[in-house]
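> Quick one: the structure is below, questions incoming.
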Amino acid sequence: MDFDFSDEQEQLRDAVRKWVDKGYTFERRRAIVKAGGFDRAAYGELAELGLAGLYVSDDQGGMGMGPVEGMVVMEELGRGIVLEPLGQTLIASGILGGYAPEAVKSSWLPKIAGGEALVVLAYQERKARWRLDVCETQATQSGNAWSVSGAKSLVPAGDMVEAFLVPAIANGKMALFLVERGANGVQARGYPTQEGGRAAEVEFKSAPATLVTLDGLAALEHAVDIGIAAACAEAVGVLDKTMDVTVEYMNTRKQFGVALATFQALRHRVADMKMQLELARSMSYYASLKLNAPADERRRALARAKYQLGVSMRFIGQNSVQLHGGIGVTDEYIGSHYFKKLTQLELSFGDTLHHLGEVSARMQDTAGVFA
Amino acid sequence: MDLAFTPEEQKFREDVRAWVRTNLPQDISNKVHNSLHLTREDMQQWARILGKKGWLGYGWPKQFGGPGWNAVQKHLFEEECALAGAPRIVPFGPVMVAPVIMTFGSPEQQQRFLPGIASGEVWWSQGYSEPGSGSDLASLKTRAERKGDKYIVNGQKTWTTLAQYGEWIFCLVRTSTEGKPQTGISFLLIDMKSPGVTVRPIIMLDGGHEVNEVFFDNVEVPAENLIGEENKGWTYAKHLLSHERTNIADVNRAKRELERLKRIAKAENVYTDTRFRDEIAKLEVDIVALEMLVLRVLSAEKSGKNSLDIAGLLKIKGSEIQQRYSELMMLACGAYSLPYIKEAMEAGWQGDYVGAAHCAPLASTYFNMRKTTIYGGSNEVQRNIVAQTVLG
């Protein structure tokens, strides 16, 4: 039982923080938002730092690192509210590395690690809401070749990426495929999202597909859990910054002749925010440390984590805006962008009520971190 | 970073578990598991069993006859005791006054007082709170005047837990009214059999006699019972408070009580009711998050690499969780929580329970648990402390 970061992990954190502070300023981010919410050059810079290959093994050109390193990196990207979806790369590399045949791994993982290929999970369907086992997209096999038909929603940067991981029903059972965006029968309609990022509606019409695994539901659940852990860590970074700007504002802004930080009603609100922050950080650790646990244990843990993070994000986000007063609801102020990012994270990979339901359905007689 | 305990820590846990399960009397654990009334004899019996093993002072260093465990080992010991249904160790002797005597007491005081605390023979009480000083402890007024080789003590303490059993009491007393309130306080050990000491019960809203008023009327206390220096008592008391870290969260007991809540909810047919079940699920996440918070503090203490100043958070969240599980248990039984039959809260009652035996103590426990957000520095005071660390 040990929650210290190793020296290597601290160095990784420093490297990412340096890039965020110097390379991904609020001004640059604003320009990226204006230009559509995704910047290939910025993503390339993340890849240059080695981050796209974080979960890719050494022999495939990556860093061969694990969930704790993933968490460290996502926390730092959260601090910069970075728009480029590195969490998706963690999902794609983790799932391809864990489930795909050798040939698929060796043709895609080096490109993912190098940043030439951004591969994202395209799983959301209109009728599924948060359920992972509801899927209308169909896969058909003819000889050795597969093709998929269907539509996926809210695919991160979906009109800019190289390929998608697509769950589809093959012979009545969910399988997971890789489909290139440039393939015949693929159409992506991109649009901006509320927090400044980018997503797309992606349609597949008999699009040629590469089989990743026939055990599609297990792979999809795993993919979403990697996504949850990444989102939790990213959220912790955003929450840290949200607290920072709130504390700074309360110590500088004067009303009735004194700093806001002198009012006990507001101080107690900040204490409650600090509580939510530390619960969130604790559960983000928990999420990442349970990411390699057996599937049942992992699912239960990740649902618990996402529930806590959802509660914390909404509480801290809303209260940060409130404590700022008018400035908190302006576009000019960075705090409102943190708030929007927190909202986006809450609505990703299952919202708070959904995960409460998951925790509730998965309860055992005993409970605790080790249950 | 690693969530798992080391193999050595696991082995330690298993050894402690085996010993506790063998040596904890079943009639006592049965009472704890069902919130039935614990007598002085029950508490004292468990204290003596631990004392004989050398584990009553489980936080003590080896030099004073303790096991010399580190923070993680202490946590595992507490957890195994809680899960097995052991009564909570009455903390005033072994956990509260003993570390002060070890750190600030004279060798004579150490030889005189520590053996009786370690064995569980001598029952200690804590004399801090006064009618006029609750969360603002430094405003205390009980006076101790030096007359020759004695102190003459006059005043009143209150909320004194289990003082009806107390043989000794450690008190914060005012020895000076000059300067800041904190600088005129001394730490005095008082024999409760001394003439002029009167204990009066305070009956709480659940009908229980858990706390008392203690009056001091010209009580003569030998000057040799002063700990350390006169007017330094506040510093010693603060040292004591800093000793209480993760224990205050009581997360181990919360895990046990969550299991009990689930048993009661099943028996009352609300475990499958979505609205009720979701409330249990929320509590479960709260407990896991609190446990992670506790583990983070323990890890920081173990490695010494990073310090986590979140004791206030542990107190707030831990006490809220205690209140919540007692509340949900009561709600699970609904109106069957309402009968107030004191005998039904005793073990082995042969009368007719209303509803079921498990319903009988739930409302009383719920009422009793309201104290947790008030004592030990109210949660509002804790929020002040937390805000201070965040905002300055």
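Ordered as shown in the structure tokens, chains take letters A, B, and onward, while each chain numbers its residues from 1 and ligands are numbered from 1 in the order shown.
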Compile the residues of chain B that lie within 7 Å of chain A, evaluated using only C-alpha atoms, and express the compilation as a ChimeraX atom specification.

/B:1-6,255,259,262,277-278,281,284-285,287-289,291-293,296,299,313,383-384,386-387,391

> Please produce a file of the residues just selected, as a PDB file, in the first residue's frame, where the atoms kept are C-alpha atoms.


```
ATOM      1  CA  MET B   1       1.890   3.364  -6.313  1.00  0.00           C
ATOM      2  CA  ASP B   2       0.264   0.204  -5.186  1.00  0.00           C
ATOM      3  CA  LEU B   3      -3.090  -0.470  -3.587  1.00  0.00           C
ATOM      4  CA  ALA B   4      -2.184  -3.844  -2.116  1.00  0.00           C
ATOM      5  CA  PHE B   5      -0.656  -4.276   1.306  1.00  0.00           C
ATOM      6  CA  THR B   6       2.787  -5.889   1.320  1.00  0.00           C
ATOM      7  CA  LYS B 255     -17.374  -0.984   6.803  1.00  0.00           C
ATOM      8  CA  GLU B 259     -22.585  -4.842   6.083  1.00  0.00           C
ATOM      9  CA  LYS B 262     -27.341  -4.453   4.099  1.00  0.00           C
ATOM     10  CA  ARG B 277     -30.782   0.579  -2.489  1.00  0.00           C
ATOM     11  CA  ASP B 278     -29.330   3.624  -4.253  1.00  0.00           C
ATOM     12  CA  ALA B 281     -24.899   2.556  -2.867  1.00  0.00           C
ATOM     13  CA  GLU B 284     -20.848   2.589  -0.041  1.00  0.00           C
ATOM     14  CA  VAL B 285     -19.026   4.970  -2.388  1.00  0.00           C
ATOM     15  CA  ILE B 287     -17.016   4.696   2.612  1.00  0.00           C
ATOM     16  CA  VAL B 288     -14.684   3.555  -0.162  1.00  0.00           C
ATOM     17  CA  ALA B 289     -13.638   7.159  -0.801  1.00  0.00           C
ATOM     18  CA  GLU B 291     -11.012   4.522   3.101  1.00  0.00           C
ATOM     19  CA  MET B 292      -8.872   5.711   0.185  1.00  0.00           C
ATOM     20  CA  LEU B 293      -8.385   9.013   1.980  1.00  0.00           C
ATOM     21  CA  ARG B 296      -3.382   8.001   1.507  1.00  0.00           C
ATOM     22  CA  SER B 299       0.982   5.904   3.084  1.00  0.00           C
ATOM     23  CA  LEU B 313     -11.621  16.178   6.287  1.00  0.00           C
ATOM     24  CA  ARG B 383     -14.534  23.452   8.254  1.00  0.00           C
ATOM     25  CA  ASN B 384     -12.838  26.535   9.642  1.00  0.00           C
ATOM     26  CA  VAL B 386      -9.898  23.098   6.479  1.00  0.00           C
ATOM     27  CA  ALA B 387     -10.638  26.538   5.032  1.00  0.00           C
ATOM     28  CA  LEU B 391      -7.391  29.950   1.895  1.00  0.00           C
TER      29      LEU B 391
END
```

> Quick one: pick out all helix (DSSP H, G or I) residues within stretch 17-72 of chain A from a backbone DSSP run and write them as a count of residues only.

37

> Give me the residues within 10 Å of B:Glu230 as a list in words, counting only C-alpha atoms and dropping any in the same chain fewer than 6 places off.

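Returned residues: Val173, Arg174, Thr175, Ser176, Thr183, Gly184, Ile185, Ser186, Phe187 and Leu188 of chain B.
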
> What is the atom CA of B:Asp15-atom CA of B:Leu290 distance in Å, reported with one decimal?

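Computed distance, atom CA of B:Asp15 to atom CA of B:Leu290, equals 25.4 Å.
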
> Rounded to one decimal, what separation in Å do you get between atom CA of A:Met174 and atom CA of A:Pro294?

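The value is 20.2 Å.
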
> A:Ala145, A:Leu154, A:Ser206, A:Leu211: which is nearest A:Pro167, counting only C-alpha atoms?

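Among the listed residues, the smallest separation from A:Pro167 belongs to A:Leu211.
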
> Could you list, as number ranges by chain, every residue within 10 Å of A:Ala235, counting only C-alpha atoms and ignoring same-chain residues fewer than 2 positions away?

A: 74-79, 81, 229-233, 237-241, 277, 280-281, 284, 309-310, 312-313, 338, 341-346

> Would you export the selected residues with C-alpha atoms as a compact mmCIF listing (two decimals), in the first residue's frame, please?


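See result.txt below for the written result:
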```txt
# COMPACT_ATOMS: atom_id res chain seq x y z
CA MET A 74 -4.13 12.92 -17.85
CA GLU A 75 -4.04 14.98 -14.63
CA GLU A 76 -1.58 17.33 -16.25
CA LEU A 77 -3.55 17.59 -19.49
CA GLY A 78 -6.59 18.34 -17.35
CA ARG A 79 -4.73 21.25 -15.80
CA ILE A 81 -7.89 21.71 -20.38
CA ALA A 229 -9.91 6.20 -15.41
CA ALA A 230 -8.49 8.72 -17.88
CA ALA A 231 -11.51 11.01 -17.43
CA CYS A 232 -11.21 10.79 -13.64
CA ALA A 233 -7.55 11.74 -13.75
CA GLY A 237 -6.32 18.18 -13.00
CA VAL A 238 -9.22 20.45 -13.91
CA LEU A 239 -10.48 20.41 -10.31
CA ASP A 240 -7.06 21.38 -8.96
CA LYS A 241 -6.96 24.38 -11.28
CA LEU A 277 -11.55 17.55 -4.31
CA ALA A 280 -12.22 12.90 -6.11
CA ARG A 281 -8.44 12.56 -6.07
CA SER A 284 -9.14 8.72 -9.23
CA LEU A 309 -15.97 12.15 -9.63
CA GLY A 310 -19.34 13.13 -11.06
CA SER A 312 -17.28 16.22 -7.06
CA MET A 313 -17.08 17.79 -10.51
CA TYR A 338 -12.95 24.68 -16.41
CA LYS A 341 -14.81 20.89 -19.19
CA LEU A 342 -15.99 19.36 -15.89
CA THR A 343 -19.50 19.15 -17.28
CA GLN A 344 -18.25 17.43 -20.43
CA LEU A 345 -16.33 14.90 -18.33
CA GLU A 346 -19.37 14.18 -16.19
```

> Write out as a count of residues only which residues come within 6 Å of stretch 76-92 of chain B when counting only C-alpha atoms, dropping same-chain ones fewer than 5 positions away.

10

> What is the atom CA of A:Glu201-atom CA of A:Ala183 distance in Å, reported with one decimal?

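Between atom CA of A:Glu201 and atom CA of A:Ala183 the gap works out to 15.7 Å.
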
> For each of A:Val236, A:Val82, A:Val72, A:Ala259, take the minimum atom-to-atom distance to A:Glu27, counting only C-alpha atoms, then give the residue where this is smallest.

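Under the stated criterion, the closest residue is A:Val82.
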
> Which stretch 208-262 of chain A residues have any atom within 8 Å of an atom of stretch 102-124 of chain A, and for each, what is the nearest pair of atoms with distance in Å to one decimal, counting only C-alpha atoms, rows sorted by chain and number, as a tab-separated table?


```
residue	atom	partner	partner_atom	distance
A:Thr210	CA	A:Val104	CA	8.0
A:Val212	CA	A:Val104	CA	7.4
A:Ala223	CA	A:Leu121	CA	8.0
```

> Which polymer residues have any atom within 12 Å of an atom of B:Gly51, counting only C-alpha atoms, with same-chain residues fewer than 2 positions away left out, as a list in words?

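Counting only C-alpha atoms, the residues come to Gln44, Gln45, Trp46, Ala47, Arg48, Ile49, Lys53, Gly54, Trp55, Leu56, Gly57, Tyr58, Gly65, Gly66, Pro67, Ile89, Gly93, Pro94, Leu114, Pro115, Gly116, Ile117, Ala118, Ser119, Gly120, Glu121 and Val122 of chain B.
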
> Any chance you can output those residues with N, CA and C atoms as a compact mmCIF listing (two decimals), in the first residue's frame?


```txt
# COMPACT_ATOMS: atom_id res chain seq x y z
N GLN B 44 -14.27 -3.52 30.12
CA GLN B 44 -13.09 -3.79 30.94
C GLN B 44 -12.50 -5.17 30.62
N GLN B 45 -13.39 -6.12 30.37
CA GLN B 45 -12.91 -7.48 30.09
C GLN B 45 -12.06 -7.49 28.81
N TRP B 46 -12.56 -6.83 27.78
CA TRP B 46 -11.81 -6.78 26.51
C TRP B 46 -10.50 -6.00 26.71
N ALA B 47 -10.57 -4.93 27.49
CA ALA B 47 -9.35 -4.15 27.74
C ALA B 47 -8.29 -5.02 28.44
N ARG B 48 -8.72 -5.85 29.40
CA ARG B 48 -7.77 -6.69 30.12
C ARG B 48 -7.18 -7.77 29.21
N ILE B 49 -8.04 -8.32 28.34
CA ILE B 49 -7.54 -9.34 27.40
C ILE B 49 -6.46 -8.73 26.51
N LYS B 53 -2.10 -9.24 26.43
CA LYS B 53 -1.35 -9.51 25.20
C LYS B 53 -0.34 -8.39 24.91
N GLY B 54 -0.53 -7.24 25.59
CA GLY B 54 0.35 -6.10 25.33
C GLY B 54 -0.15 -5.22 24.20
N TRP B 55 -1.45 -5.37 23.85
CA TRP B 55 -2.00 -4.65 22.70
C TRP B 55 -2.99 -3.57 23.07
N LEU B 56 -3.25 -3.37 24.37
CA LEU B 56 -4.18 -2.29 24.71
C LEU B 56 -3.55 -0.94 24.33
N GLY B 57 -2.28 -0.82 24.65
CA GLY B 57 -1.54 0.36 24.18
C GLY B 57 -0.94 0.05 22.82
N TYR B 58 -1.83 -0.19 21.85
CA TYR B 58 -1.34 -0.68 20.54
C TYR B 58 -0.57 0.37 19.76
N GLY B 65 6.75 -0.53 26.55
CA GLY B 65 6.03 -1.80 26.66
C GLY B 65 4.99 -2.00 25.58
N GLY B 66 4.95 -1.12 24.60
CA GLY B 66 4.00 -1.28 23.49
C GLY B 66 4.59 -2.15 22.40
N PRO B 67 3.78 -2.48 21.38
CA PRO B 67 4.28 -3.34 20.30
C PRO B 67 5.16 -2.62 19.28
N ILE B 89 -11.86 0.44 21.91
CA ILE B 89 -11.01 0.64 23.08
C ILE B 89 -11.35 2.00 23.69
N GLY B 93 -7.32 6.45 28.47
CA GLY B 93 -6.06 6.01 29.04
C GLY B 93 -5.01 5.72 27.98
N PRO B 94 -5.20 4.60 27.25
CA PRO B 94 -4.12 4.15 26.37
C PRO B 94 -3.86 5.04 25.17
N LEU B 114 1.76 4.43 33.76
CA LEU B 114 1.66 3.67 32.51
C LEU B 114 1.28 2.20 32.71
N PRO B 115 1.82 1.50 33.73
CA PRO B 115 1.47 0.08 33.86
C PRO B 115 -0.04 -0.15 34.03
N GLY B 116 -0.69 0.69 34.82
CA GLY B 116 -2.14 0.53 35.03
C GLY B 116 -2.95 0.82 33.79
N ILE B 117 -2.42 1.70 32.94
CA ILE B 117 -3.09 1.99 31.66
C ILE B 117 -2.89 0.83 30.70
N ALA B 118 -1.65 0.32 30.64
CA ALA B 118 -1.33 -0.75 29.69
C ALA B 118 -2.11 -2.02 30.00
N SER B 119 -2.35 -2.29 31.26
CA SER B 119 -3.02 -3.54 31.63
C SER B 119 -4.54 -3.43 31.53
N GLY B 120 -5.05 -2.21 31.46
CA GLY B 120 -6.50 -2.03 31.41
C GLY B 120 -7.13 -2.01 32.80
N GLU B 121 -6.31 -1.98 33.85
CA GLU B 121 -6.85 -2.03 35.21
C GLU B 121 -7.45 -0.69 35.64
N VAL B 122 -6.81 0.40 35.23
CA VAL B 122 -7.24 1.71 35.72
C VAL B 122 -8.04 2.44 34.64
```

> Give the strand (DSSP E or B) residues of stretch 254-294 of chain A, as DSSP finds them on the backbone, and put them as a PyMOL selection string.

chain A and resi 254-255+258-259

> Dump C-alpha atoms for the selected residues as an mmCIF file, in the first residue's frame?


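See out-v4.cif below for the written result:
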```
data_model
loop_
_atom_site.group_PDB
_atom_site.id
_atom_site.type_symbol
_atom_site.label_atom_id
_atom_site.label_comp_id
_atom_site.auth_asym_id
_atom_site.auth_seq_id
_atom_site.Cartn_x
_atom_site.Cartn_y
_atom_site.Cartn_z
ATOM 1 C CA LYS A 254 -12.870 42.723 -2.189
ATOM 2 C CA GLN A 255 -16.480 43.340 -1.244
ATOM 3 C CA VAL A 258 -12.628 43.141 2.724
ATOM 4 C CA ALA A 259 -11.467 40.080 0.797
#
```
